[in-house]
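Peer 1: First the structure, then my questions, so here it is.
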Amino acid sequence: MLATGTASGKSLAYQLPALAALTADPRACVLYLAPTKALGADQLESLESLKLPGLRAAGYDGDTPIPERDWARSHANWVLTNPDMLHRGMLPGHARWARVLRRLAFVVVDECHAYRGVFGSHVALVLRRLIRLARMYGSDPVFVFASATSADPAGSAGRLIGRPVIAITEDGAPRPGADFVLWEPAVLPDAQGQDGAPVRRSAPAEAARMMADLVAAGARTLTFVRSRHAAEQTALSAQRRLNEVAPELAQRVAAYRGGYLPEERRELERALGCGELLGVASTNALELGVDIAGLDAAVLAGYPGTLASVWQQAGRAGRRASSGRRALVVFVARDDPLDSYLVHHPETVFGRPMEAAVIDPTNPFILGPHLACAAAERHLSEDDLDLFGGPAIKPVLAGLVDRRVLRRRPKGYFWAEAGHPADTVDLRGGGGGQVAIVDSGSGRLLGTVDLHRAPSAVHAGAVHLHRGDSYVVQDLDLRMGVALVRPERPEWTTIARSTSTVSIASVHDEREFGGNVRVGVGPVEVTEQVVGYLRRRPGGELLDVIGLDMPRQTLHTRAVWYTIRLDSLLAAGVCESRVPGALHAAEHAAIGLLPLFAGCDRWDIGGLSTALHADTGEPTVIVYDGYPGGAGFADRGHEMLAAWLSAVRGAVADCPCEAGCPSCVQSPKCGNGNHPLDKDAAVIVLDVVLNAIAPVRAVAALGR
Ligand SMILES: [Zn+2]
Ligand SMILES: [Zn+2]
């Protein structure tokens, strides 16, 4: 596992031994996996540029024409593909890939920090299917992983293949000098958010202003924003600003987003590389595998989801050390708890990383379908069980036999149907069913949303953003799995209101601390019912509340929770009437900060807080994975509880607002419309919990 910084020579580190193996054995083969097609294409180009005799590299992805696929199968000794094609194409058709599998010397898993959460859990099982088939064909390949730096690189890679992995983390590459600025936009003097909360200037607006100033100073600047729409808006407002001060430069600023043709993309990259363009606002489409580096400045408008991505985006800026000039990286915080926490706690960005690529390949909702795929490739024998998780998988296998997906015979488990189930398993879906989002005018499929999220995300009347275009949902048919939408750009956003309950299925993993706090982790059942939605103006002003009659949804997942004895809260000065608001605020901030440790998005997790929970009998805060069976996020939160809750306390206590704002305890996804919230009492709650669970460790973990 090579876990070092951007542009530290990781490609060379796996290319050399793999190429040496091909030279030593003319029949040896290498399989290279990238999380995106763009990265695979760049790697293919880089290999071809070596012009090595005997190297026969070929891409095998969704875009590869049939004759080239045939060529790859019969002749290539370096096949570049992605987990999806491995899952759908190579493994089900392994007999046709026998030549490659028989002599598989190396498997390269590039950018493997991308394999986290539900997607990562799927990929872990695809890799195990690969290992099993390679063994069957008589090969035992060396796995090389490449990743950005993370908290536990050897552990993350080890979880992907279920075997111990050695990490190489020493980064000896020379670094061009750069100044890294963490920037919190100012509060707008005349604006007010929900309940009088202060409103900060938006990160893209601030980034546009910075890019214009940098371009005016002659600096080649790349600005990263979160959506296509924001990329276009940011480029436009930078141009507008330049029109006032240096109109000749306005046309040297452009937007870049996913969905461009390869030629258009290359042209834009070339123009930026040579300085024809001075400023580009981009979605993270430019993030992976595109050879743009050596710019004067990078502006990051908001946290891109992981610290690995922060460093990848920052790595685009960096002049040659010999130029004697330093590059500039600016991280502009958005108005949310995680971004604000980062600007107030720079050690989180620059210190030892706390974020690990979390996966859970034992999730029965993910494991079951892959066991079926594996059995369809070749029957599963007792010897295979270890590879997929050992005895723990027995109940999942038994379930598959009961449902007649598999058939039990003396030699093992056999796929009971015709064909192969791979097409029914989407590695990038959330597990469970999907609802298709369809433009009712054109009939075009815009995307999908997980079935259990559909009632809150695409209920009738919801404003749905798709790649920066705005739609309003006309109708949601859960039984048919279709949400019909039409293009519309209303003057409001919508937020679903829901009621939810969480029942804790088993409390055997609960521990008590300090006589007043208990902490647990385990399976839970979340029942949620969307009861209506709020319409708000962009500033946060509430327009109205509209009722909805929606069915109840049940999610079986995993959660982490803590409980506090009421008397210890009273003793700490939180009177009974303030308990619900205190717990609710602490819950929101916890959801906001968990992504820092688990590499998830705050929309991947949910929470519930209550002054009296039926299963624990006490004031309780619960944070759960938003996916059937869980994705490992709650378990990571449990593992990192003291450091996580210390960060939560920091985010809430250090926020300069009076009574709560989007940077600390207000949440855009609150089913209760952010009521009640008690910021000050939340700090007391967190202090009580931290004092009980690990006062020393909590402080040490953050170096405070
Ligand atoms: Zn605040
Ligand atoms: Zn809430």
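Naming scheme: A, B, ... for chains in displayed order of the structure tokens; residues 1 onward per chain; ligands 1 onward as shown.
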Using only C-alpha atoms and all ligand atoms, I'd like a table of the residues in chain A that come within 10 Å of ligand 2; for each, show the closest atom pair and its distance in Å rounded to one decimal, ordered by chain and ascending number, as a Markdown table.
Peer 2:
```
| residue | atom | partner | partner_atom_place_in_ligand_line | distance |
| --- | --- | --- | --- | --- |
| A:Arg497 | CA | ligand 2 | 1 (Zn) | 9.8 |
| A:Ser498 | CA | ligand 2 | 1 (Zn) | 9.8 |
| A:Gly581 | CA | ligand 2 | 1 (Zn) | 9.6 |
| A:Leu583 | CA | ligand 2 | 1 (Zn) | 9.8 |
| A:His584 | CA | ligand 2 | 1 (Zn) | 6.1 |
| A:Ala585 | CA | ligand 2 | 1 (Zn) | 7.5 |
| A:Ala586 | CA | ligand 2 | 1 (Zn) | 9.7 |
| A:Glu587 | CA | ligand 2 | 1 (Zn) | 7.5 |
| A:His588 | CA | ligand 2 | 1 (Zn) | 6.1 |
| A:Ala589 | CA | ligand 2 | 1 (Zn) | 9.8 |
| A:Ile591 | CA | ligand 2 | 1 (Zn) | 9.9 |
| A:Gly606 | CA | ligand 2 | 1 (Zn) | 9.2 |
| A:Gly607 | CA | ligand 2 | 1 (Zn) | 7.6 |
| A:Leu608 | CA | ligand 2 | 1 (Zn) | 7.3 |
| A:Ser609 | CA | ligand 2 | 1 (Zn) | 8.2 |
| A:Val665 | CA | ligand 2 | 1 (Zn) | 9.0 |
| A:Gln666 | CA | ligand 2 | 1 (Zn) | 7.9 |
| A:Ser667 | CA | ligand 2 | 1 (Zn) | 6.6 |
| A:Pro668 | CA | ligand 2 | 1 (Zn) | 8.7 |
| A:Lys669 | CA | ligand 2 | 1 (Zn) | 7.2 |
| A:Cys670 | CA | ligand 2 | 1 (Zn) | 3.8 |
| A:Gly671 | CA | ligand 2 | 1 (Zn) | 5.6 |
| A:Asn672 | CA | ligand 2 | 1 (Zn) | 5.3 |
| A:Gly673 | CA | ligand 2 | 1 (Zn) | 6.7 |
| A:Asn674 | CA | ligand 2 | 1 (Zn) | 5.3 |
| A:His675 | CA | ligand 2 | 1 (Zn) | 7.0 |
| A:Pro676 | CA | ligand 2 | 1 (Zn) | 8.2 |
| A:Leu677 | CA | ligand 2 | 1 (Zn) | 8.3 |
```
Peer 1: Which residues sit within 12 Å of ligand 1, counting only C-alpha atoms and all ligand atoms, listed as JSON, numbers by chain?
Peer 2: {"A": [187, 193, 194, 195, 196, 197, 198, 199, 200, 335, 336, 337, 338, 339, 340, 341, 585, 588, 589, 649, 650, 651, 652, 653, 654, 655, 656, 657, 658, 659, 660, 661, 662, 663, 664, 665, 666, 667, 677, 678, 679, 680]}
Peer 1: With only C-alpha atoms as the basis for distance, which of A:Ala614, A:Ala173, A:Arg69, A:Asp110 is at the shortest distance from Arg96 of chain A?
Peer 2: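 Ranked by minimum distance to Arg96 of chain A, first place goes to A:Arg69.
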Peer 1: Skip Ala372 of chain A itself and residues of its chain fewer than 3 positions away, then list as a count of residues only all residues within 12 Å of it, counting only C-alpha atoms.
Peer 2: 41
Peer 1: Would you please work out which residue, of A:Glu510, A:Asp152, A:Asp179, A:Asp360, is nearest to Arg116 of chain A when using only C-alpha atoms?
Peer 2: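 Checking each of A:Glu510, A:Asp152, A:Asp179, A:Asp360 against Arg116 of chain A, counting only C-alpha atoms, the winner is A:Asp360.
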Peer 1: From segment 16-129 of chain A, collect each residue whose DSSP state is alpha helix (DSSP H) and return the set as a PyMOL selection string.
Peer 2: chain A and resi 16-24+37-48+66-75+83-85+98-102+117-129
Peer 1: Atom CA of Asp687 of chain A and atom CA of Ser150 of chain A are how many Å apart?
Peer 2: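 Computing the Euclidean distance for atom CA of Asp687 of chain A and atom CA of Ser150 of chain A yields 28.3 Å.
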Peer 1: Could you name the residues that touch segment 459-473 of chain A at 6 Å or less, counting only C-alpha atoms, but leaving out those on the same chain fewer than 4 positions away, as a ChimeraX atom specification?
Peer 2: /A:228-229,455,484-489,494
Peer 1: Among segment 52-284 of chain A, which residues carry a DSSP assignment of strand (DSSP E or B), reported as JSON, numbers by chain?
Peer 2: {"A": [57, 58, 59, 78, 79, 80, 81, 104, 105, 106, 107, 108, 109, 142, 143, 144, 145, 146, 147, 168, 178, 179, 180, 181, 182, 183, 187, 188, 189, 190, 191, 192, 198, 199, 200, 221, 222, 223, 224, 253, 254, 255, 256, 279, 280, 281, 282]}
Peer 1: Interatomic distance between atom CA of Ile161 of chain A and atom CA of Arg88 of chain A?
Peer 2: 18.7 Å
Peer 1: Of the residues A:Met640, A:Val310, A:Leu569, A:Ala634, which is the one nearest to Val688 of chain A, using only C-alpha atoms?
Peer 2: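 Answer, going by the shortest atom-to-atom distance: A:Leu569.
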Peer 1: Out of A:Arg636, A:His87, A:Lys394, A:His556, which residue has the shortest atom-to-atom distance to Pro595 of chain A when counting only C-alpha atoms?
Peer 2: A:Arg636
Peer 1: Name the residues in contact with segment 76-86 of chain A at a cut-off of 8 Å, using only C-alpha atoms, excluding same-chain residues fewer than 6 positions from it; report them as a list of chain:residue names.
Peer 2: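 The residues that qualify are A:Leu22, A:Arg27, A:Ala28, A:Cys29, A:Val30, A:Leu31, A:Tyr32, A:Leu33, A:Ala34, A:Pro35, A:Thr36, A:Lys37, A:Gly40, A:Leu44, A:Leu55, A:Arg56, A:Ala57, A:Ala58, A:Gly59, A:Tyr60, A:Asp61, A:Gly62, A:Val100, A:Val123, A:Val126, A:Leu427.
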Peer 1: Which of these, A:Tyr533, A:Trp492, A:Tyr137, A:Phe119, has the shortest distance to Leu104 of chain A once you count only C-alpha atoms?
Peer 2: A:Tyr137
Peer 1: With a distance cut-off of 9 Å and only C-alpha atoms, select the neighbouring residues of Arg226 of chain A, excluding the residue or stretch itself and same-chain residues fewer than 5 positions from it, and output the selection as a list in words.
Peer 2: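 After dropping sequence-adjacent residues, the list is Pro204, Ala231, Ser282, Thr283, Asn284, Ala301, Gly302, Tyr303 and Pro304 of chain A.
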Peer 1: Just N, CA and C atoms for this one: save the residues we selected as a PDB file, in the first residue's frame.
Peer 2:
```pdb
ATOM      1  N   PRO A 204     -18.697  29.794  -2.953  1.00  0.00           N
ATOM      2  CA  PRO A 204     -18.411  30.055  -4.367  1.00  0.00           C
ATOM      3  C   PRO A 204     -18.283  31.552  -4.678  1.00  0.00           C
ATOM      4  N   ALA A 231     -19.957  25.919 -10.783  1.00  0.00           N
ATOM      5  CA  ALA A 231     -18.790  26.155 -11.638  1.00  0.00           C
ATOM      6  C   ALA A 231     -19.100  27.269 -12.636  1.00  0.00           C
ATOM      7  N   SER A 282     -13.997  24.815 -11.647  1.00  0.00           N
ATOM      8  CA  SER A 282     -14.237  23.425 -12.019  1.00  0.00           C
ATOM      9  C   SER A 282     -14.998  22.677 -10.939  1.00  0.00           C
ATOM     10  N   THR A 283     -15.794  21.715 -11.365  1.00  0.00           N
ATOM     11  CA  THR A 283     -16.281  20.727 -10.406  1.00  0.00           C
ATOM     12  C   THR A 283     -15.112  19.795 -10.153  1.00  0.00           C
ATOM     13  N   ASN A 284     -15.302  18.797  -9.287  1.00  0.00           N
ATOM     14  CA  ASN A 284     -14.145  17.958  -9.011  1.00  0.00           C
ATOM     15  C   ASN A 284     -13.850  16.978 -10.143  1.00  0.00           C
ATOM     16  N   ALA A 301     -13.460  25.906  -2.928  1.00  0.00           N
ATOM     17  CA  ALA A 301     -14.675  26.488  -2.358  1.00  0.00           C
ATOM     18  C   ALA A 301     -15.451  25.398  -1.649  1.00  0.00           C
ATOM     19  N   GLY A 302     -15.115  25.158  -0.400  1.00  0.00           N
ATOM     20  CA  GLY A 302     -15.817  24.142   0.384  1.00  0.00           C
ATOM     21  C   GLY A 302     -15.065  22.833   0.435  1.00  0.00           C
ATOM     22  N   TYR A 303     -15.345  22.090   1.494  1.00  0.00           N
ATOM     23  CA  TYR A 303     -14.698  20.807   1.721  1.00  0.00           C
ATOM     24  C   TYR A 303     -15.177  19.815   0.663  1.00  0.00           C
ATOM     25  N   PRO A 304     -14.261  19.199  -0.078  1.00  0.00           N
ATOM     26  CA  PRO A 304     -14.698  18.309  -1.155  1.00  0.00           C
ATOM     27  C   PRO A 304     -15.116  16.917  -0.703  1.00  0.00           C
TER      28      PRO A 304
END
```
Peer 1: Using only C-alpha atoms, which residues sit within 9 Å of Ala572 of chain A once same-chain residues fewer than 2 positions away are excluded, as a PDB file with all heavy atoms, in the first residue's frame?
Peer 2:
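As a result, out.pdb now contains:
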```pdb
ATOM      1  N   ASP A 567     -29.919  13.029  35.922  1.00  0.00           N
ATOM      2  CA  ASP A 567     -29.491  13.781  37.113  1.00  0.00           C
ATOM      3  C   ASP A 567     -28.104  14.413  36.898  1.00  0.00           C
ATOM      4  O   ASP A 567     -27.819  15.480  37.423  1.00  0.00           O
ATOM      5  CB  ASP A 567     -29.548  12.918  38.383  1.00  0.00           C
ATOM      6  CG  ASP A 567     -28.797  11.608  38.237  1.00  0.00           C
ATOM      7  OD1 ASP A 567     -28.134  11.428  37.184  1.00  0.00           O
ATOM      8  OD2 ASP A 567     -28.862  10.768  39.148  1.00  0.00           O
ATOM      9  N   SER A 568     -27.257  13.776  36.072  1.00  0.00           N
ATOM     10  CA  SER A 568     -25.947  14.399  35.863  1.00  0.00           C
ATOM     11  C   SER A 568     -26.068  15.620  34.946  1.00  0.00           C
ATOM     12  O   SER A 568     -25.268  16.543  35.026  1.00  0.00           O
ATOM     13  CB  SER A 568     -24.926  13.385  35.335  1.00  0.00           C
ATOM     14  OG  SER A 568     -25.208  13.025  34.018  1.00  0.00           O
ATOM     15  N   LEU A 569     -27.089  15.633  34.071  1.00  0.00           N
ATOM     16  CA  LEU A 569     -27.319  16.839  33.264  1.00  0.00           C
ATOM     17  C   LEU A 569     -27.841  17.971  34.140  1.00  0.00           C
ATOM     18  O   LEU A 569     -27.412  19.121  34.018  1.00  0.00           O
ATOM     19  CB  LEU A 569     -28.325  16.542  32.145  1.00  0.00           C
ATOM     20  CG  LEU A 569     -27.801  15.716  30.974  1.00  0.00           C
ATOM     21  CD1 LEU A 569     -28.902  15.529  29.931  1.00  0.00           C
ATOM     22  CD2 LEU A 569     -26.595  16.392  30.337  1.00  0.00           C
ATOM     23  N   LEU A 570     -28.771  17.628  35.035  1.00  0.00           N
ATOM     24  CA  LEU A 570     -29.322  18.651  35.937  1.00  0.00           C
ATOM     25  C   LEU A 570     -28.205  19.212  36.805  1.00  0.00           C
ATOM     26  O   LEU A 570     -28.078  20.428  36.983  1.00  0.00           O
ATOM     27  CB  LEU A 570     -30.426  18.045  36.815  1.00  0.00           C
ATOM     28  CG  LEU A 570     -31.637  17.478  36.057  1.00  0.00           C
ATOM     29  CD1 LEU A 570     -32.629  16.823  37.028  1.00  0.00           C
ATOM     30  CD2 LEU A 570     -32.339  18.581  35.265  1.00  0.00           C
ATOM     31  N   VAL A 574     -28.047  21.912  33.214  1.00  0.00           N
ATOM     32  CA  VAL A 574     -29.023  21.897  32.116  1.00  0.00           C
ATOM     33  C   VAL A 574     -30.376  21.516  32.718  1.00  0.00           C
ATOM     34  O   VAL A 574     -30.594  20.368  33.100  1.00  0.00           O
ATOM     35  CB  VAL A 574     -28.626  20.857  31.040  1.00  0.00           C
ATOM     36  CG1 VAL A 574     -29.633  20.871  29.901  1.00  0.00           C
ATOM     37  CG2 VAL A 574     -27.232  21.139  30.521  1.00  0.00           C
ATOM     38  N   CYS A 575     -31.285  22.500  32.821  1.00  0.00           N
ATOM     39  CA  CYS A 575     -32.571  22.174  33.419  1.00  0.00           C
ATOM     40  C   CYS A 575     -33.379  21.331  32.442  1.00  0.00           C
ATOM     41  O   CYS A 575     -33.106  21.297  31.246  1.00  0.00           O
ATOM     42  CB  CYS A 575     -33.325  23.440  33.817  1.00  0.00           C
ATOM     43  SG  CYS A 575     -33.760  24.459  32.402  1.00  0.00           S
ATOM     44  N   ILE A 684     -22.501  21.873  27.259  1.00  0.00           N
ATOM     45  CA  ILE A 684     -22.476  21.237  28.585  1.00  0.00           C
ATOM     46  C   ILE A 684     -22.677  19.725  28.452  1.00  0.00           C
ATOM     47  O   ILE A 684     -21.964  18.929  29.062  1.00  0.00           O
ATOM     48  CB  ILE A 684     -23.555  21.855  29.507  1.00  0.00           C
ATOM     49  CG1 ILE A 684     -23.328  23.375  29.624  1.00  0.00           C
ATOM     50  CG2 ILE A 684     -23.543  21.189  30.880  1.00  0.00           C
ATOM     51  CD1 ILE A 684     -24.399  24.105  30.416  1.00  0.00           C
ATOM     52  N   VAL A 685     -23.637  19.332  27.625  1.00  0.00           N
ATOM     53  CA  VAL A 685     -23.878  17.897  27.400  1.00  0.00           C
ATOM     54  C   VAL A 685     -22.589  17.228  26.927  1.00  0.00           C
ATOM     55  O   VAL A 685     -22.180  16.170  27.424  1.00  0.00           O
ATOM     56  CB  VAL A 685     -24.991  17.696  26.344  1.00  0.00           C
ATOM     57  CG1 VAL A 685     -24.984  16.265  25.815  1.00  0.00           C
ATOM     58  CG2 VAL A 685     -26.347  18.033  26.939  1.00  0.00           C
ATOM     59  N   VAL A 688     -20.062  16.825  29.672  1.00  0.00           N
ATOM     60  CA  VAL A 688     -20.406  15.735  30.589  1.00  0.00           C
ATOM     61  C   VAL A 688     -19.989  14.394  29.964  1.00  0.00           C
ATOM     62  O   VAL A 688     -19.371  13.552  30.605  1.00  0.00           O
ATOM     63  CB  VAL A 688     -21.922  15.753  30.903  1.00  0.00           C
ATOM     64  CG1 VAL A 688     -22.337  14.481  31.636  1.00  0.00           C
ATOM     65  CG2 VAL A 688     -22.282  16.994  31.716  1.00  0.00           C
TER      66      VAL A 688
END
```
